[in-house]
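For reference, entry-v8.tsv (TSV, C-alpha atoms and all ligand atoms):
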```
chain	number	residue	atom	x	y	z
X	1	MET	CA	11.64	7.62	-16.96
X	2	VAL	CA	10.82	4.55	-14.86
X	3	ARG	CA	13.82	2.71	-13.40
X	4	VAL	CA	13.57	-1.00	-12.75
X	5	LYS	CA	15.62	-3.16	-10.40
X	6	VAL	CA	15.40	-6.93	-10.35
X	7	MET	CA	15.54	-8.37	-6.83
X	8	LYS	CA	15.49	-11.70	-5.02
X	9	ALA	CA	14.07	-12.16	-1.52
X	10	VAL	CA	16.72	-12.48	1.19
X	11	SER	CA	15.36	-13.01	4.68
X	12	THR	CA	18.52	-12.40	6.71
X	13	LYS	CA	18.67	-9.18	8.66
X	14	ASN	CA	15.30	-7.99	7.37
X	15	ASP	CA	14.25	-6.43	10.67
X	16	GLU	CA	17.62	-4.75	11.16
X	17	VAL	CA	17.46	-3.17	7.71
X	18	ALA	CA	13.82	-2.18	8.29
X	19	ALA	CA	14.75	-0.42	11.54
X	20	GLY	CA	17.47	1.52	9.70
X	21	ILE	CA	15.01	2.58	6.99
X	22	ARG	CA	12.45	3.65	9.59
X	23	ALA	CA	15.01	5.80	11.43
X	24	GLU	CA	16.35	7.37	8.22
X	25	LEU	CA	12.88	8.23	6.89
X	26	ALA	CA	11.88	9.68	10.27
X	27	ASP	CA	15.00	11.90	10.18
X	28	GLN	CA	13.97	13.17	6.77
X	29	GLY	CA	10.33	13.74	7.78
X	30	ILE	CA	9.08	11.16	5.28
X	31	LYS	CA	6.05	8.99	6.06
X	32	ALA	CA	6.07	5.60	4.37
X	33	LEU	CA	2.86	3.63	3.85
X	34	ASN	CA	3.07	-0.08	3.05
X	35	ILE	CA	0.05	-0.96	0.87
X	36	ILE	CA	-0.98	-4.62	1.06
X	37	SER	CA	-3.78	-6.37	-0.84
X	38	SER	CA	-4.72	-9.13	-3.26
X	39	PRO	CA	-3.86	-8.66	-6.94
X	40	GLY	CA	-6.35	-6.38	-8.65
X	41	SER	CA	-8.01	-4.94	-5.55
X	42	GLY	CA	-7.18	-1.39	-6.60
X	43	LYS	CA	-3.80	-0.43	-5.09
X	44	THR	CA	-2.41	1.33	-8.14
X	45	THR	CA	-5.70	3.06	-8.95
X	46	LEU	CA	-5.99	4.41	-5.41
X	47	LEU	CA	-2.37	5.56	-5.46
X	48	GLU	CA	-2.84	7.29	-8.82
X	49	ARG	CA	-5.72	9.29	-7.33
X	50	THR	CA	-3.89	9.94	-4.07
X	51	ILE	CA	-0.62	11.13	-5.63
X	52	ALA	CA	-2.52	13.43	-7.99
X	53	HIS	CA	-4.62	14.76	-5.09
X	54	PHE	CA	-1.59	15.68	-2.98
X	55	ALA	CA	0.65	16.76	-5.86
X	56	PRO	CA	0.08	20.53	-5.64
X	57	ASP	CA	1.64	20.85	-2.17
X	58	ILE	CA	2.94	17.46	-1.04
X	59	ARG	CA	5.55	15.54	-3.00
X	60	SER	CA	5.05	11.77	-3.18
X	61	ALA	CA	7.27	8.95	-4.32
X	62	VAL	CA	6.31	5.36	-4.77
X	63	ILE	CA	8.20	2.09	-4.71
X	64	VAL	CA	6.22	-0.45	-6.69
X	65	GLY	CA	6.66	-4.16	-6.22
X	66	ASP	CA	5.71	-6.32	-9.16
X	67	PRO	CA	6.61	-9.91	-10.03
X	68	PHE	CA	7.62	-9.02	-13.60
X	69	THR	CA	6.27	-5.84	-15.23
X	70	ALA	CA	6.78	-2.08	-14.95
X	71	ASN	CA	3.18	-1.20	-15.84
X	72	ASP	CA	2.21	0.15	-12.43
X	73	ALA	CA	5.29	2.38	-12.12
X	74	GLU	CA	4.47	3.88	-15.51
X	75	ARG	CA	0.88	4.56	-14.39
X	76	LEU	CA	2.07	6.16	-11.16
X	77	GLU	CA	4.65	8.38	-12.85
X	78	SER	CA	1.91	9.62	-15.15
X	79	ALA	CA	-0.04	10.58	-12.00
X	80	GLY	CA	2.86	12.82	-10.94
X	81	GLY	CA	4.87	10.76	-8.44
X	82	GLU	CA	8.44	9.59	-8.77
X	83	ALA	CA	8.10	5.82	-9.17
X	84	PHE	CA	10.72	3.15	-8.69
X	85	GLN	CA	9.88	-0.36	-9.87
X	86	LEU	CA	11.14	-3.42	-8.00
X	87	ASN	CA	10.74	-6.64	-9.94
X	88	THR	CA	10.88	-9.69	-7.67
X	89	GLU	CA	10.99	-12.26	-10.52
X	90	GLY	CA	7.92	-14.04	-9.20
X	91	SER	CA	8.61	-13.72	-5.47
X	92	CYS	CA	5.44	-12.98	-3.49
X	93	HIS	CA	6.48	-10.10	-1.21
X	94	LEU	CA	8.86	-7.19	-0.79
X	95	THR	CA	11.60	-7.18	1.85
X	96	ALA	CA	13.43	-4.40	3.67
X	97	PRO	CA	16.70	-4.97	1.74
X	98	MET	CA	14.73	-4.47	-1.49
X	99	ILE	CA	13.38	-1.16	-0.18
X	100	ARG	CA	16.92	-0.21	0.91
X	101	ALA	CA	18.22	-0.91	-2.62
X	102	ALA	CA	15.47	1.22	-4.14
X	103	LEU	CA	16.02	4.12	-1.71
X	104	ASP	CA	19.75	4.09	-2.46
X	105	GLU	CA	18.96	4.87	-6.09
X	106	MET	CA	16.05	7.28	-5.65
X	107	ASP	CA	16.12	11.02	-5.15
X	108	ILE	CA	13.70	11.47	-2.26
X	109	SER	CA	14.77	14.96	-1.22
X	110	GLY	CA	11.63	16.98	-0.63
X	111	VAL	CA	9.41	13.89	-0.58
X	112	ARG	CA	6.91	13.79	2.31
X	113	LEU	CA	4.94	10.68	1.38
X	114	LEU	CA	6.52	7.41	0.30
X	115	PHE	CA	4.02	4.82	-0.84
X	116	ILE	CA	5.15	1.21	-1.12
X	117	GLU	CA	2.86	-0.86	-3.34
X	118	ASN	CA	3.55	-4.39	-2.11
X	119	ILE	CA	3.18	-7.50	-4.29
X	120	GLY	CA	-0.48	-8.51	-4.67
X	121	ASN	CA	-0.89	-11.13	-1.95
X	122	LEU	CA	-2.73	-11.12	1.39
X	123	ILE	CA	-0.43	-13.61	3.14
X	124	CYS	CA	3.34	-13.26	2.57
X	125	PRO	CA	3.67	-9.43	2.72
X	126	THR	CA	2.15	-9.45	6.22
X	127	ALA	CA	5.30	-11.09	7.65
X	128	TRP	CA	7.85	-8.56	6.39
X	129	ASP	CA	8.64	-5.22	8.02
X	130	LEU	CA	9.70	-2.74	5.33
X	131	GLY	CA	10.49	0.14	7.69
X	132	GLU	CA	7.10	1.72	6.99
X	133	SER	CA	5.35	4.25	9.24
X	134	ALA	CA	1.99	2.52	8.77
X	135	ARG	CA	0.43	-0.43	6.98
X	136	VAL	CA	-2.68	-0.10	4.84
X	137	THR	CA	-4.59	-3.21	3.83
X	138	LEU	CA	-7.03	-3.04	0.92
X	139	LEU	CA	-9.97	-5.41	0.45
X	140	SER	CA	-12.08	-5.02	-2.66
X	141	VAL	CA	-15.77	-5.87	-2.53
X	142	THR	CA	-15.27	-8.27	-5.46
X	143	GLU	CA	-13.22	-10.57	-3.18
X	144	GLY	CA	-16.17	-11.33	-0.88
X	145	THR	CA	-17.09	-10.60	2.72
X	146	ASP	CA	-15.55	-13.85	4.03
X	147	LYS	CA	-11.97	-12.86	3.15
X	148	VAL	CA	-11.57	-10.79	6.32
X	149	ASP	CA	-11.60	-13.86	8.52
X	150	LYS	CA	-9.76	-16.04	6.02
X	151	TYR	CA	-6.82	-13.62	5.63
X	152	ARG	CA	-7.09	-12.23	9.14
X	153	ARG	CA	-3.40	-11.43	9.62
X	154	ALA	CA	-3.56	-8.82	6.86
X	155	PHE	CA	-6.30	-7.05	8.84
X	156	LEU	CA	-4.72	-7.61	12.24
X	157	ILE	CA	-1.50	-5.80	11.30
X	158	ALA	CA	-3.18	-2.89	9.48
X	159	HIS	CA	-3.32	0.66	10.78
X	160	CYS	CA	-5.97	1.41	8.15
X	161	VAL	CA	-8.21	-0.93	6.15
X	162	VAL	CA	-9.57	0.44	2.89
X	163	ILE	CA	-12.56	-1.35	1.41
X	164	THR	CA	-12.29	-0.62	-2.30
X	165	LYS	CA	-14.67	-0.67	-5.29
X	166	VAL	CA	-17.76	0.01	-3.16
X	167	ASP	CA	-19.50	1.07	-6.40
X	168	LEU	CA	-19.61	-2.67	-7.19
X	169	ALA	CA	-20.88	-3.81	-3.77
X	170	PRO	CA	-24.52	-4.46	-4.82
X	171	SER	CA	-23.57	-6.64	-7.80
X	172	CYS	CA	-21.12	-8.65	-5.66
X	173	ASP	CA	-23.49	-9.19	-2.70
X	174	PHE	CA	-20.78	-7.70	-0.52
X	175	ASP	CA	-21.99	-7.07	3.04
X	176	LEU	CA	-20.17	-3.85	3.95
X	177	GLU	CA	-21.58	-3.75	7.48
X	178	LYS	CA	-20.49	-7.29	8.25
X	179	ALA	CA	-17.02	-6.83	6.74
X	180	SER	CA	-16.50	-3.60	8.71
X	181	ALA	CA	-17.70	-5.26	11.94
X	182	ASP	CA	-15.44	-8.28	11.35
X	183	ILE	CA	-12.43	-6.01	10.78
X	184	ARG	CA	-13.21	-4.03	13.94
X	185	THR	CA	-13.55	-7.26	15.94
X	186	LEU	CA	-10.12	-8.39	14.76
X	187	ASN	CA	-8.45	-4.99	15.08
X	188	SER	CA	-10.30	-2.24	16.91
X	189	ARG	CA	-7.48	0.29	16.35
X	190	ALA	CA	-7.59	0.25	12.55
X	191	ASN	CA	-9.54	2.89	10.67
X	192	VAL	CA	-11.98	1.27	8.23
X	193	LEU	CA	-12.54	3.38	5.12
X	194	PRO	CA	-14.92	2.22	2.38
X	195	LEU	CA	-14.38	4.02	-0.92
X	196	SER	CA	-14.57	3.93	-4.67
X	197	ALA	CA	-11.59	5.26	-6.62
X	198	LYS	CA	-13.90	5.18	-9.65
X	199	THR	CA	-16.77	7.36	-8.39
X	200	GLY	CA	-14.74	9.23	-5.75
X	201	ASP	CA	-17.09	8.20	-2.91
X	202	GLY	CA	-15.18	7.99	0.37
X	203	LEU	CA	-11.91	9.38	-1.03
X	204	ASP	CA	-11.98	12.48	1.18
X	205	ALA	CA	-11.87	10.36	4.35
X	206	TRP	CA	-8.89	8.47	2.91
X	207	TYR	CA	-7.08	11.70	2.01
X	208	ASP	CA	-7.75	12.99	5.55
X	209	TRP	CA	-6.27	9.80	7.02
X	210	VAL	CA	-3.15	10.13	4.84
X	211	ARG	CA	-2.79	13.83	5.69
X	212	GLU	CA	-3.04	13.03	9.41
X	213	ARG	CA	0.00	10.73	9.06
X	214	LEU	CA	2.02	13.83	8.13
X	215	LEU	CA	1.24	15.71	11.35
G	301	LIG	N1	-15.41	-0.44	-10.41
G	301	LIG	C1	-14.21	-0.12	-9.89
G	301	LIG	N2	-13.09	-0.60	-10.44
G	301	LIG	C2	-11.90	-0.26	-9.86
G	301	LIG	C3	-11.81	0.59	-8.73
G	301	LIG	N3	-10.50	0.69	-8.40
G	301	LIG	C4	-9.81	-0.04	-9.29
G	301	LIG	N4	-10.64	-0.61	-10.19
G	301	LIG	C5	-10.27	-1.48	-11.31
G	301	LIG	O1	-9.74	-2.69	-10.78
G	301	LIG	C6	-8.71	-3.18	-11.66
G	301	LIG	C7	-7.44	-3.44	-10.86
G	301	LIG	O2	-6.98	-2.20	-10.33
G	301	LIG	P1	-5.47	-1.93	-9.96
G	301	LIG	O3	-5.41	-0.57	-9.39
G	301	LIG	O4	-4.57	-2.24	-11.11
G	301	LIG	O5	-5.23	-3.02	-8.81
G	301	LIG	P2	-3.89	-3.53	-8.11
G	301	LIG	O6	-3.51	-4.79	-8.79
G	301	LIG	O7	-4.29	-3.79	-6.68
G	301	LIG	O8	-2.89	-2.44	-8.22
G	301	LIG	C8	-8.53	-2.15	-12.76
G	301	LIG	O9	-9.24	-2.57	-13.90
G	301	LIG	C9	-9.16	-0.90	-12.15
G	301	LIG	O10	-9.70	-0.02	-13.13
G	301	LIG	C10	-13.03	1.11	-8.19
G	301	LIG	O11	-13.06	1.85	-7.20
G	301	LIG	N5	-14.19	0.71	-8.79
G	302	MG	MG	-0.92	-2.51	-8.97
```
Write the structure described by the file as structure tokens, please.
Ligand SMILES: Nc1nc2c(ncn2[C@@H]2O[C@H](COP(=O)(O)OP(=O)(O)O)[C@@H](O)[C@H]2O)c(=O)[nH]1
Ligand SMILES: [Mg+2]
Amino acid sequence: MVRVKVMKAVSTKNDEVAAGIRAELADQGIKALNIISSPGSGKTTLLERTIAHFAPDIRSAVIVGDPFTANDAERLESAGGEAFQLNTEGSCHLTAPMIRAALDEMDISGVRLLFIENIGNLICPTAWDLGESARVTLLSVTEGTDKVDKYRRAFLIAHCVVITKVDLAPSCDFDLEKASADIRTLNSRANVLPLSAKTGDGLDAWYDWVRERLL
């Protein structure tokens, strides 16, 4: 049963709350991944595959930000993860107090991976620490090669950049080599993982990256 909480963005004390979340999750051995991307670039689809992949031995939970609906949380619960929906009533990003409010109502005992699906937006979510262990930025090939430079902060702050929907790259004239090189120029420490959640190409490298976060 998906639970929904309606939240408004409050900027005060964000970093303080985020630090508390980070310490608490570290104590519990939980790794939290903050997933940032444009609307429709494939966050929920990738999380559905990922939660199902890890389900046999690693328990996942997911906090899903959405301006209004609970659709994604329903999809993710069907994939086998406990999902908690945060509705921001149109606000464009999640904040640490919102994550705090969700965690206070969730049962995360035994959870090792906590995914946070941020609101679809490549600008606002980049400015808000949620207490995550790592940030993952998704760019779908349908958005175009030029978006790396245009939304550079989303790539600068990422620990991992996932280029999604590579099955569609030829029909979108997406230049994978150029996009990867541009990301590496901006942020040489980020892993760059091209994949298709539809065909499964590249998913193993993504699963390996997620598994390495747990070590
Ligand atoms: N062709 C293709 N479509 C995809 C892929 N991943 C997601 N999609 C589609 O892209 C649309 C948006 O995906 P969704 O996961 O809801 O994106 P979100 O808004 O970022 O959570 C849906 O119609 C998905 O089926 C992929 O790897 N290849
Ligand atoms: Mg989604």
Quick one: distance from atom CA of Pro67 of chain X to atom CA of Lys147 of chain X in Å, one decimal? 23.0 Å
Test item: residues at most 6 Å from segment 94-107 of chain X, all atoms listed in the file, excluding those fewer than 2 positions along its chain, as a PyMOL selection string: chain X and resi 14+17-18+109+130
Please find the residues contacting ligand LIG 301 (chain G) at a distance of at most 7 Å between atoms, with only C-alpha atoms and all ligand atoms counted, and report them as a ChimeraX atom specification. /X:37-46,120,164-168,195-199
One decimal, Å: what's the distance from atom CA of Leu138 of chain X over to atom CA of Val6 of chain X, could you say? 25.4 Å
Would you list the residues near (6.9, 11.8, 6.4) (no more than 10 Å away, in the coordinates of the file, using only C-alpha atoms) as a PyMOL selection string? chain X and resi 25-33+60+110-114+133+211+213-215
His53 of chain X proximity check over X:Ile119, X:Ala79, X:Val136, X:Lys5, using all atoms listed in the file: winner is X:Ala79
Would you mind listing what lies within 9 Å of Val192 of chain X as a VMD selection string, with only C-alpha atoms counted and same-chain residues fewer than 2 positions away left out? chain X and resid 160 to 163 180 183 to 184 190 194
Nearest to Val64 of chain X among X:Asp15, X:Glu77, X:Glu117, X:Glu82, with distances taken over only C-alpha atoms: which residue is it?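 Of X:Asp15, X:Glu77, X:Glu117, X:Glu82, the one nearest Val64 of chain X, counting only C-alpha atoms, is X:Glu117.
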If you count all atoms listed in the file, the residue of X:Pro125, X:Ile63, X:Ala19, X:Asn71 closest to Ser91 of chain X turns out to be X:Pro125
Would you please work out which residue, of X:Ser188, X:Glu48, X:Trp206, X:Ile108, is nearest to Glu24 of chain X when using only C-alpha atoms?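 Under the stated criterion, the closest residue is X:Ile108.
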Long-range neighbours of Val2 of chain X as a list in words, 8 Å cut-off, only C-alpha atoms, 5 positions minimum in chain: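 Selected residues are Ala70, Ala73, Glu74, Glu77, Ala83, Phe84 and Gln85 of chain X.
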Can you work out the spacing between atom CA of Ser78 of chain X and atom CA of Ile35 of chain X in Å, to one decimal?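 Here the two named atoms are 19.3 Å from each other.
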For ligand MG 302 (chain G), the nearest of the candidates X:Ile116, X:Met1, X:Ile51, X:Ile157, counting all atoms listed in the file: X:Ile116
Identify which of the residues X:Thr126, X:Asn118, X:Asn34, X:Asn87 lies closest to ligand MG 302 (chain G), counting all atoms listed in the file when measuring atom-to-atom distances.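 Among the listed residues, X:Asn118 lies closest to ligand MG 302 (chain G).
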